[in-house]
Amino acid sequence: MSSKDPQSSPTADQASGATGSGLDDALAAADALQADIEAYAIDSADALEAFRIRFIGSKGLVKGLMGRMKDVPGPERKAFGQRVNAVKQSAEKRFEEAKTGLVQQEASAGPDVDLSLPPAAPRVGSRHPINIIRQRIVEAFARIGFAVEEGPEIEDDWHNFTAMGTPEHHPARDMQDTFYIAGHPDRVLRTHTSPVQARVMESRKPPIRIIAPGRTYRNETISARAHCVFHQVEGLYVDENVSFADLKQTIDYFAKTMFGEDTETRLRPSYFPFTEPSAEVDVTCLICSGKGCSVCKHTGWVEIMGCGMVDPDVFENCGVDAERYTGFAFGMGIERIAMLVYRIDDIRLFTENDALFLEQFRSES
Ligand code: DAH
């Protein structure tokens, strides 16, 4: 027992030994034990327990001292018994005091916190680049009076195709491009935001000046340039006397606001089923400012959207008086704009949730 105790001392161990004889030896052992009890360092719960086992326990040194009673002559036993009792009481008192002391020490120590440290900076998230660009597009058009509209992502055949001049058997309806909702041949995941044009024209009278940002779906093989889920912003302006010049000026304003004052635009004739005439819009390449680089395929121009004058058939499909009103429409892919603005060369980065990619947009949030 005592050999395991780092604070054991040979003197105290004599208390249990049978080496001494007579009252003097027994009293000397009692004195030594008393001194040990007083000197024993109790600075932890473990030390307190070791103290208890060593001195007070059923096999402890106080019990051992008691065992020396047989060495003491009869008449002196009473005096020795009182001495042993005093030693025992002092051991118990020491134990209780040390225990109380340790409990108080623990209570006043408080939590293990360094209050002098500076506070940890909270981890701030960042907005998604698609969200940032969408917001910038919306703000640019809001400044010239366009209000935001939304439409359903699960769209019916009429709004997604027929009303927008894409009759049955048109190649754009091909199963390869369009996700149909299983069991609902009339329902699709909208392939563009153009059906919001139809919904707005059906529901209210001109003047109409709206943009419709939202998610769109196409059954595309995912690659660096194409994804099956992407985002578009649609624009529609319908009123009396809306002209192609209004369209061109609006597009020009947008391009300069979005990409910088030096940006130039050009319209190339094109075809869309819901506009006549139709055009595709190019802007001077943001990367090389028109000098020619790999992004613009050395043409100096990059395409940013499709547009045109609303086809009178579309007006008719949606209940707008085509004799009285004219209008223009446009549609652009948000991913495409974001890729140009941020020089991103792989569309898949937008959906991979790579924190290192996303954190780069923190300063813009
Ligand atoms: N909906 C077309 C697309 O997804 C984009 C588009 C082109 C929208 C011309 C328009 C427009 O409103 O006038 O490719």
# chains A, B, ... in the order shown; residues from 1 in each chain; ligands from 1
$ residues_near_ligand --ligand "ligand 1" --cutoff "7 Å" --atoms "only C-alpha atoms and all ligand atoms" --output "number ranges by chain"
A: 191-194, 234-236, 272, 274-275, 278, 305-309, 328-332
$ closest_atom_pairs --of "range 76-145 of chain A" --to "range 207-229 of chain A" --cutoff "8 Å" --atoms "only C-alpha atoms" --output "JSON lines"
{"residue": "A:Arg134", "atom": "CA", "partner": "A:Pro213", "partner_atom": "CA", "distance": 7.2}
{"residue": "A:Val138", "atom": "CA", "partner": "A:Ile211", "partner_atom": "CA", "distance": 7.4}
{"residue": "A:Phe141", "atom": "CA", "partner": "A:Ile211", "partner_atom": "CA", "distance": 7.6}
{"residue": "A:Gly145", "atom": "CA", "partner": "A:Arg209", "partner_atom": "CA", "distance": 7.0}
$ closest_atom_pairs --of "range 293-364 of chain A" --to "range 113-126 of chain A" --cutoff "12 Å" --atoms "only C-alpha atoms" --output "tab-separated table"
residue	atom	partner	partner_atom	distance
A:Asn353	CA	A:Ser126	CA	11.9
A:Ala355	CA	A:Ser126	CA	9.7
A:Leu356	CA	A:Ser126	CA	11.1
A:Phe357	CA	A:Ser126	CA	10.6
A:Leu358	CA	A:Ser126	CA	7.0
A:Glu359	CA	A:Ser126	CA	6.2
A:Gln360	CA	A:Ser126	CA	8.2
A:Phe361	CA	A:Ser126	CA	6.2
A:Arg362	CA	A:Ser126	CA	4.5
A:Ser363	CA	A:Ser126	CA	7.8
A:Glu364	CA	A:Ser126	CA	7.9
$ write_last_selection --atoms "C-alpha atoms" --output "mmCIF file, in the first residue's frame"
data_model
loop_
_atom_site.group_PDB
_atom_site.id
_atom_site.type_symbol
_atom_site.label_atom_id
_atom_site.label_comp_id
_atom_site.auth_asym_id
_atom_site.auth_seq_id
_atom_site.Cartn_x
_atom_site.Cartn_y
_atom_site.Cartn_z
ATOM 1 C CA ASN A 353 -21.159 23.455 -54.400
ATOM 2 C CA ALA A 355 -16.786 26.006 -51.228
ATOM 3 C CA LEU A 356 -13.497 27.264 -52.661
ATOM 4 C CA PHE A 357 -15.281 28.346 -55.839
ATOM 5 C CA LEU A 358 -18.236 29.920 -54.028
ATOM 6 C CA GLU A 359 -16.130 31.791 -51.444
ATOM 7 C CA GLN A 360 -14.572 33.872 -54.214
ATOM 8 C CA PHE A 361 -17.816 35.825 -54.504
ATOM 9 C CA ARG A 362 -17.889 36.845 -50.843
ATOM 10 C CA SER A 363 -16.822 40.443 -51.459
ATOM 11 C CA GLU A 364 -19.798 40.931 -53.779
#
$ residues_around --residues "Asp46 in chain A" --least-positions-apart "4" --cutoff "12 Å" --atoms "only C-alpha atoms" --output "number ranges by chain"
A: 5, 41-42, 50-53, 98-99, 102
$ residues_around --residues "range 310-326 of chain A" --least-positions-apart "5" --cutoff "6 Å" --atoms "only C-alpha atoms" --output "short mmCIF file (atom, residue, chain, number, x, y, z; two decimals) with C-alpha atoms, in the first residue's frame"
data_model
loop_
_atom_site.label_atom_id
_atom_site.label_comp_id
_atom_site.auth_asym_id
_atom_site.auth_seq_id
_atom_site.Cartn_x
_atom_site.Cartn_y
_atom_site.Cartn_z
CA ALA A 163 -48.89 30.19 -77.38
CA MET A 164 -45.26 31.07 -78.12
CA ALA A 198 -47.86 34.50 -72.42
CA MET A 201 -50.31 39.03 -71.56
CA GLU A 202 -53.26 36.71 -70.87
CA VAL A 238 -45.87 45.91 -74.90
CA ASP A 239 -47.53 49.25 -75.58
CA GLU A 240 -48.70 51.43 -78.44
CA VAL A 242 -43.15 50.26 -79.39
CA PHE A 274 -42.35 34.09 -81.09
CA THR A 275 -40.69 37.19 -82.55
CA GLU A 276 -40.65 38.77 -86.00
#
$ residues_around --residues "Val200 in chain A" --least-positions-apart "3" --cutoff "9 Å" --atoms "only C-alpha atoms" --output "ChimeraX atom specification"
/A:149,151,195-197,203-205,208,210,318
$ write_last_selection --atoms "N, CA and C atoms" --output "tab-separated table (two decimals), in the first residue's frame"
chain	number	residue	atom	x	y	z
A	149	GLU	N	-41.71	39.58	-62.76
A	149	GLU	CA	-42.81	38.60	-62.78
A	149	GLU	C	-42.22	37.20	-62.67
A	151	GLY	N	-43.18	32.81	-63.14
A	151	GLY	CA	-44.14	31.82	-63.63
A	151	GLY	C	-43.74	30.46	-63.10
A	195	PRO	N	-42.63	31.42	-71.59
A	195	PRO	CA	-44.05	31.26	-71.25
A	195	PRO	C	-44.56	32.30	-70.24
A	196	VAL	N	-43.67	32.93	-69.48
A	196	VAL	CA	-44.14	33.98	-68.56
A	196	VAL	C	-44.70	35.15	-69.37
A	197	GLN	N	-44.15	35.40	-70.57
A	197	GLN	CA	-44.72	36.43	-71.46
A	197	GLN	C	-46.20	36.14	-71.70
A	203	SER	N	-53.19	37.79	-68.71
A	203	SER	CA	-53.81	38.20	-67.45
A	203	SER	C	-53.97	39.71	-67.31
A	204	ARG	N	-53.34	40.49	-68.17
A	204	ARG	CA	-53.54	41.94	-68.00
A	204	ARG	C	-53.34	42.70	-69.31
A	205	LYS	N	-53.86	43.93	-69.29
A	205	LYS	CA	-53.82	44.75	-70.52
A	205	LYS	C	-52.52	45.55	-70.58
A	208	ILE	N	-47.39	46.84	-70.76
A	208	ILE	CA	-46.73	45.79	-69.97
A	208	ILE	C	-45.23	46.00	-70.09
A	210	ILE	N	-42.18	44.05	-68.22
A	210	ILE	CA	-41.77	43.11	-67.18
A	210	ILE	C	-40.47	42.39	-67.54
A	318	CYS	N	-52.62	35.30	-76.99
A	318	CYS	CA	-52.69	35.73	-75.59
A	318	CYS	C	-53.75	36.82	-75.37
$ select_by_dssp --residues "range 50-264 of chain A" --states "strand (DSSP E)" --output "CSV table (one decimal) with N, CA, C and O atoms, in the first residue's frame"
chain,number,residue,atom,x,y,z
A,147,ALA,N,-40.9,45.7,-64.2
A,147,ALA,CA,-41.3,45.0,-62.9
A,147,ALA,C,-41.0,43.5,-63.0
A,147,ALA,O,-41.0,42.9,-64.2
A,148,VAL,N,-40.7,42.9,-61.9
A,148,VAL,CA,-40.4,41.4,-61.9
A,148,VAL,C,-41.7,40.6,-61.9
A,148,VAL,O,-42.6,40.8,-61.1
A,154,ILE,N,-43.0,24.0,-63.6
A,154,ILE,CA,-43.8,23.0,-64.3
A,154,ILE,C,-44.9,23.7,-65.1
A,154,ILE,O,-45.8,24.3,-64.6
A,155,GLU,N,-44.7,23.7,-66.4
A,155,GLU,CA,-45.5,24.5,-67.3
A,155,GLU,C,-46.3,23.6,-68.2
A,155,GLU,O,-46.0,22.5,-68.4
A,156,ASP,N,-47.5,24.2,-68.7
A,156,ASP,CA,-48.2,23.4,-69.6
A,156,ASP,C,-47.8,23.7,-71.0
A,156,ASP,O,-47.1,24.6,-71.3
A,180,TYR,N,-40.6,15.9,-70.0
A,180,TYR,CA,-42.0,15.8,-69.8
A,180,TYR,C,-42.3,15.2,-68.5
A,180,TYR,O,-41.5,14.5,-67.9
A,181,ILE,N,-43.4,15.6,-67.8
A,181,ILE,CA,-43.8,15.1,-66.5
A,181,ILE,C,-44.4,13.7,-66.7
A,181,ILE,O,-45.4,13.6,-67.5
A,184,HIS,N,-48.2,12.9,-67.4
A,184,HIS,CA,-48.9,14.1,-67.8
A,184,HIS,C,-48.3,14.6,-69.1
A,184,HIS,O,-47.5,15.5,-69.1
A,185,PRO,N,-48.8,14.1,-70.2
A,185,PRO,CA,-48.2,14.5,-71.5
A,185,PRO,C,-48.3,16.0,-71.8
A,185,PRO,O,-47.6,16.5,-72.7
A,186,ASP,N,-49.2,16.7,-71.1
A,186,ASP,CA,-49.4,18.1,-71.3
A,186,ASP,C,-48.5,19.0,-70.4
A,186,ASP,O,-48.5,20.2,-70.6
A,187,ARG,N,-47.7,18.3,-69.6
A,187,ARG,CA,-46.9,19.1,-68.6
A,187,ARG,C,-45.4,18.9,-68.9
A,187,ARG,O,-45.0,17.8,-69.0
A,188,VAL,N,-44.7,20.0,-68.9
A,188,VAL,CA,-43.2,20.0,-69.1
A,188,VAL,C,-42.5,20.8,-68.0
A,188,VAL,O,-43.1,21.6,-67.3
A,189,LEU,N,-41.2,20.5,-67.8
A,189,LEU,CA,-40.4,21.5,-67.1
A,189,LEU,C,-40.1,22.5,-68.1
A,189,LEU,O,-39.6,22.3,-69.2
A,208,ILE,N,-47.4,46.8,-70.8
A,208,ILE,CA,-46.7,45.8,-70.0
A,208,ILE,C,-45.2,46.0,-70.1
A,208,ILE,O,-44.7,46.2,-71.2
A,209,ARG,N,-44.6,46.0,-69.0
A,209,ARG,CA,-43.1,46.2,-69.0
A,209,ARG,C,-42.5,45.3,-67.9
A,209,ARG,O,-42.4,45.7,-66.7
A,210,ILE,N,-42.2,44.1,-68.2
A,210,ILE,CA,-41.8,43.1,-67.2
A,210,ILE,C,-40.5,42.4,-67.5
A,210,ILE,O,-40.1,42.3,-68.7
A,211,ILE,N,-39.8,41.9,-66.5
A,211,ILE,CA,-38.8,40.9,-66.7
A,211,ILE,C,-39.1,39.7,-65.8
A,211,ILE,O,-39.7,39.9,-64.8
A,212,ALA,N,-38.7,38.5,-66.3
A,212,ALA,CA,-39.1,37.3,-65.6
A,212,ALA,C,-37.8,36.4,-65.4
A,212,ALA,O,-37.5,35.7,-66.3
A,213,PRO,N,-37.2,36.5,-64.3
A,213,PRO,CA,-36.0,35.7,-64.1
A,213,PRO,C,-36.5,34.3,-63.5
A,213,PRO,O,-37.5,34.3,-62.8
A,214,GLY,N,-35.8,33.2,-63.8
A,214,GLY,CA,-36.2,32.0,-63.3
A,214,GLY,C,-35.4,30.8,-63.8
A,214,GLY,O,-34.6,30.9,-64.7
A,215,ARG,N,-35.7,29.6,-63.2
A,215,ARG,CA,-35.0,28.4,-63.6
A,215,ARG,C,-35.6,27.7,-64.8
A,215,ARG,O,-36.9,27.7,-64.9
A,216,THR,N,-34.8,27.2,-65.6
A,216,THR,CA,-35.3,26.5,-66.8
A,216,THR,C,-34.6,25.2,-67.0
A,216,THR,O,-33.5,24.9,-66.4
A,217,TYR,N,-35.2,24.3,-67.8
A,217,TYR,CA,-34.7,22.9,-67.9
A,217,TYR,C,-34.6,22.4,-69.3
A,217,TYR,O,-35.6,22.7,-70.1
A,229,VAL,N,-30.1,22.0,-66.1
A,229,VAL,CA,-30.8,23.0,-65.3
A,229,VAL,C,-30.0,24.3,-65.4
A,229,VAL,O,-28.8,24.3,-65.1
A,230,PHE,N,-30.7,25.4,-65.8
A,230,PHE,CA,-30.0,26.7,-65.9
A,230,PHE,C,-31.0,27.8,-65.6
A,230,PHE,O,-32.1,27.5,-65.2
A,231,HIS,N,-30.6,29.0,-65.8
A,231,HIS,CA,-31.5,30.2,-65.5
A,231,HIS,C,-31.6,31.1,-66.6
A,231,HIS,O,-30.6,31.3,-67.4
A,232,GLN,N,-32.7,31.7,-66.8
A,232,GLN,CA,-32.9,32.8,-67.8
A,232,GLN,C,-33.6,34.0,-67.2
A,232,GLN,O,-34.2,33.9,-66.2
A,233,VAL,N,-33.4,35.1,-68.0
A,233,VAL,CA,-34.2,36.3,-67.7
A,233,VAL,C,-35.0,36.6,-68.9
A,233,VAL,O,-34.3,36.8,-70.0
A,234,GLU,N,-36.3,36.7,-68.9
A,234,GLU,CA,-37.1,37.1,-70.0
A,234,GLU,C,-37.5,38.6,-69.9
A,234,GLU,O,-37.6,39.1,-68.7
A,235,GLY,N,-37.6,39.2,-71.0
A,235,GLY,CA,-38.1,40.6,-70.9
A,235,GLY,C,-39.2,40.8,-71.9
A,235,GLY,O,-39.2,40.2,-73.0
A,236,LEU,N,-40.2,41.7,-71.5
A,236,LEU,CA,-41.3,41.9,-72.4
A,236,LEU,C,-41.8,43.3,-72.2
A,236,LEU,O,-42.0,43.8,-71.1
A,237,TYR,N,-41.9,44.0,-73.4
A,237,TYR,CA,-42.4,45.4,-73.3
A,237,TYR,C,-43.5,45.5,-74.4
A,237,TYR,O,-43.3,45.3,-75.6
A,238,VAL,N,-44.7,45.8,-74.0
A,238,VAL,CA,-45.9,45.9,-74.9
A,238,VAL,C,-46.6,47.2,-74.6
A,238,VAL,O,-47.0,47.5,-73.5
A,239,ASP,N,-46.8,48.0,-75.7
A,239,ASP,CA,-47.5,49.3,-75.6
A,239,ASP,C,-47.9,49.7,-77.0
A,239,ASP,O,-47.5,49.1,-78.0
$ residues_around --residues "Arg266 in chain A" --least-positions-apart "4" --cutoff "7 Å" --atoms "only C-alpha atoms" --output "list in words"
Val281, Asp282 and Val283 of chain A
$ closest_residue --among "A:Ile130, A:Leu286, A:Gly183, A:Lys70" --to "Ile347 in chain A" --atoms "only C-alpha atoms"
A:Ile130
$ residues_around --residues "Arg136 in chain A" --least-positions-apart "3" --cutoff "12 Å" --atoms "only C-alpha atoms" --output "list in words"
Pro129, Ile130, Asn131, Ile132, Ile133, Glu139, Ala140, Phe141, Ala142, Arg143, Pro213, Val233, Phe254, Ala255, Thr257, Met258, Phe259, Ile334, Ile337, Ala338, Val341, Glu364 and Ser365 of chain A
$ atom_distance --atom1 "CA of Pro73 in chain A" --atom2 "CA of Lys59 in chain A"
24.3 Å
